[in-house]
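Notes for the one structure printed next.
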Amino acid sequence: MGRHANHIGQPHVSAGPRERARVVARLIAAEQALSADPNAAALLLDGALSQMLALWAQQARVALPDVRQALAALDACAPAIAGRVRLALQAAAPEARLAHCWALLDLLTAWPTATHPSTAPITPNV
(Lines give C-alpha, C1' and ligand atoms only; values in the text may rest on other atoms or scores of the structure.)
Protein backbone atom coordinates (compact mmCIF):
# COMPACT_ATOMS: atom_id res chain seq x y z
CA MET A 1 0.00 0.00 0.00
CA GLY A 2 2.00 3.00 -1.23
CA ARG A 3 5.34 1.42 -0.27
CA HIS A 4 8.43 2.59 -2.12
CA ALA A 5 10.69 0.00 -3.72
CA ASN A 6 13.69 1.27 -1.75
CA HIS A 7 12.28 -0.05 1.49
CA ILE A 8 10.09 -3.00 0.55
CA GLY A 9 10.79 -5.78 2.98
CA GLN A 10 12.58 -3.52 5.42
CA PRO A 11 11.07 -3.10 8.87
CA HIS A 12 9.22 0.09 9.65
CA VAL A 13 11.41 2.55 11.51
CA SER A 14 9.48 5.07 13.53
CA ALA A 15 10.82 8.54 14.10
CA GLY A 16 12.99 8.85 17.14
CA PRO A 17 11.45 10.40 20.21
CA ARG A 18 13.87 13.33 20.05
CA GLU A 19 12.93 14.23 16.49
CA ARG A 20 9.24 13.97 17.27
CA ALA A 21 9.71 16.04 20.45
CA ARG A 22 11.39 18.79 18.41
CA VAL A 23 8.41 18.92 16.06
CA VAL A 24 5.97 18.97 18.97
CA ALA A 25 7.93 21.80 20.62
CA ARG A 26 7.83 23.82 17.40
CA LEU A 27 4.08 23.24 17.00
CA ILE A 28 3.45 24.30 20.60
CA ALA A 29 5.57 27.43 20.09
CA ALA A 30 3.56 28.24 16.95
CA GLU A 31 0.32 27.72 18.83
CA GLN A 32 1.50 30.12 21.55
CA ALA A 33 2.60 32.72 18.99
CA LEU A 34 -0.67 32.62 17.04
CA SER A 35 -2.50 35.41 18.85
CA ALA A 36 0.50 37.67 19.47
CA ASP A 37 2.32 37.30 16.15
CA PRO A 38 0.65 35.25 13.38
CA ASN A 39 3.63 35.82 11.08
CA ALA A 40 6.04 34.28 13.59
CA ALA A 41 3.59 31.39 14.00
CA ALA A 42 3.55 30.88 10.22
CA LEU A 43 7.37 30.78 10.12
CA LEU A 44 7.47 28.25 12.95
CA LEU A 45 4.93 26.11 11.10
CA ASP A 46 6.98 26.24 7.91
CA GLY A 47 9.94 24.92 9.91
CA ALA A 48 7.76 22.22 11.43
CA LEU A 49 6.69 21.10 7.96
CA SER A 50 10.33 20.80 6.91
CA GLN A 51 11.10 18.80 10.05
CA MET A 52 8.17 16.47 9.39
CA LEU A 53 9.30 15.86 5.81
CA ALA A 54 12.72 14.92 7.18
CA LEU A 55 11.04 12.57 9.68
CA TRP A 56 9.09 10.91 6.89
CA ALA A 57 12.29 10.41 4.87
CA GLN A 58 13.98 8.90 7.91
CA GLN A 59 11.07 6.52 8.49
CA ALA A 60 10.89 5.58 4.81
CA ARG A 61 14.65 5.12 4.69
CA VAL A 62 14.95 7.29 1.62
CA ALA A 63 17.05 10.34 0.95
CA LEU A 64 14.96 13.46 1.23
CA PRO A 65 14.54 14.56 -2.35
CA ASP A 66 14.92 18.11 -3.54
CA VAL A 67 12.06 20.21 -2.22
CA ARG A 68 10.70 20.46 -5.76
CA GLN A 69 10.42 16.66 -5.86
CA ALA A 70 9.34 16.00 -2.28
CA LEU A 71 5.60 15.97 -2.95
CA ALA A 72 6.02 13.68 -5.96
CA ALA A 73 7.98 11.26 -3.77
CA LEU A 74 5.31 11.49 -1.09
CA ASP A 75 2.55 10.92 -3.65
CA ALA A 76 4.26 7.69 -4.67
CA CYS A 77 4.94 6.40 -1.16
CA ALA A 78 2.43 8.03 1.16
CA PRO A 79 -0.48 9.77 -0.58
CA ALA A 80 -2.34 10.59 2.65
CA ILE A 81 0.75 12.35 3.99
CA ALA A 82 1.25 14.18 0.69
CA GLY A 83 -2.36 15.38 0.78
CA ARG A 84 -2.00 16.67 4.33
CA VAL A 85 1.28 18.45 3.48
CA ARG A 86 -0.45 20.17 0.56
CA LEU A 87 -3.32 21.27 2.78
CA ALA A 88 -0.89 22.69 5.34
CA LEU A 89 1.08 24.52 2.66
CA GLN A 90 -2.04 25.98 1.06
CA ALA A 91 -3.75 27.02 4.29
CA ALA A 92 -4.40 30.75 4.25
CA ALA A 93 -4.78 31.10 8.00
CA PRO A 94 -2.07 30.06 10.46
CA GLU A 95 -4.76 28.37 12.58
CA ALA A 96 -5.66 26.09 9.67
CA ARG A 97 -1.98 25.38 8.95
CA LEU A 98 -1.46 24.49 12.62
CA ALA A 99 -4.39 22.06 12.57
CA HIS A 100 -3.02 20.39 9.42
CA CYS A 101 0.47 20.18 10.96
CA TRP A 102 -0.90 18.39 14.05
CA ALA A 103 -2.84 16.00 11.79
CA LEU A 104 0.30 15.45 9.71
CA LEU A 105 2.29 14.58 12.82
CA ASP A 106 -0.40 12.04 13.74
CA LEU A 107 -0.13 10.50 10.25
CA LEU A 108 3.64 10.32 10.51
CA THR A 109 3.41 8.65 13.89
CA ALA A 110 1.22 5.92 12.41
CA TRP A 111 2.94 5.66 9.01
CA PRO A 112 3.08 3.33 7.04
CA THR A 113 -0.26 1.99 8.29
CA ALA A 114 -1.88 5.38 7.64
CA THR A 115 -0.87 5.71 4.00
CA HIS A 116 -4.31 5.00 2.62
CA PRO A 117 -6.32 8.20 2.15
CA SER A 118 -9.35 6.74 3.91
CA THR A 119 -7.43 6.36 7.17
CA ALA A 120 -7.22 10.10 7.81
CA PRO A 121 -10.09 12.31 6.72
CA ILE A 122 -8.74 15.40 5.03
CA THR A 123 -10.88 18.49 5.27
CA PRO A 124 -10.50 21.52 3.07
CA ASN A 125 -9.06 24.74 4.49
CA VAL A 126 -11.53 27.24 5.78
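Letters A, B, ... go to the chains of the C-alpha coordinates in the order shown; residues in each chain start at 1; ligands are counted from 1 in the same order.
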
Q | Residues near stretch 43-56 of chain A, cut-off 9 Å, only C-alpha atoms, skip fewer than 4 positions along chain, as a count of residues only | A | 34

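Shortest separation to A:Ala92 among A:Ala42, A:Ala36, A:Ala25, A:Pro17 occurs at residue A:Ala42, atoms counted being only C-alpha atoms.
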
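Taking atom CA of A:Leu107 as the reference point, atom CA of A:Arg84 is found at 8.8 Å.
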
Q) To one decimal place, how far is atom CA of A:Val67 from atom CA of A:Asp37 in Å? A) 26.9 Å
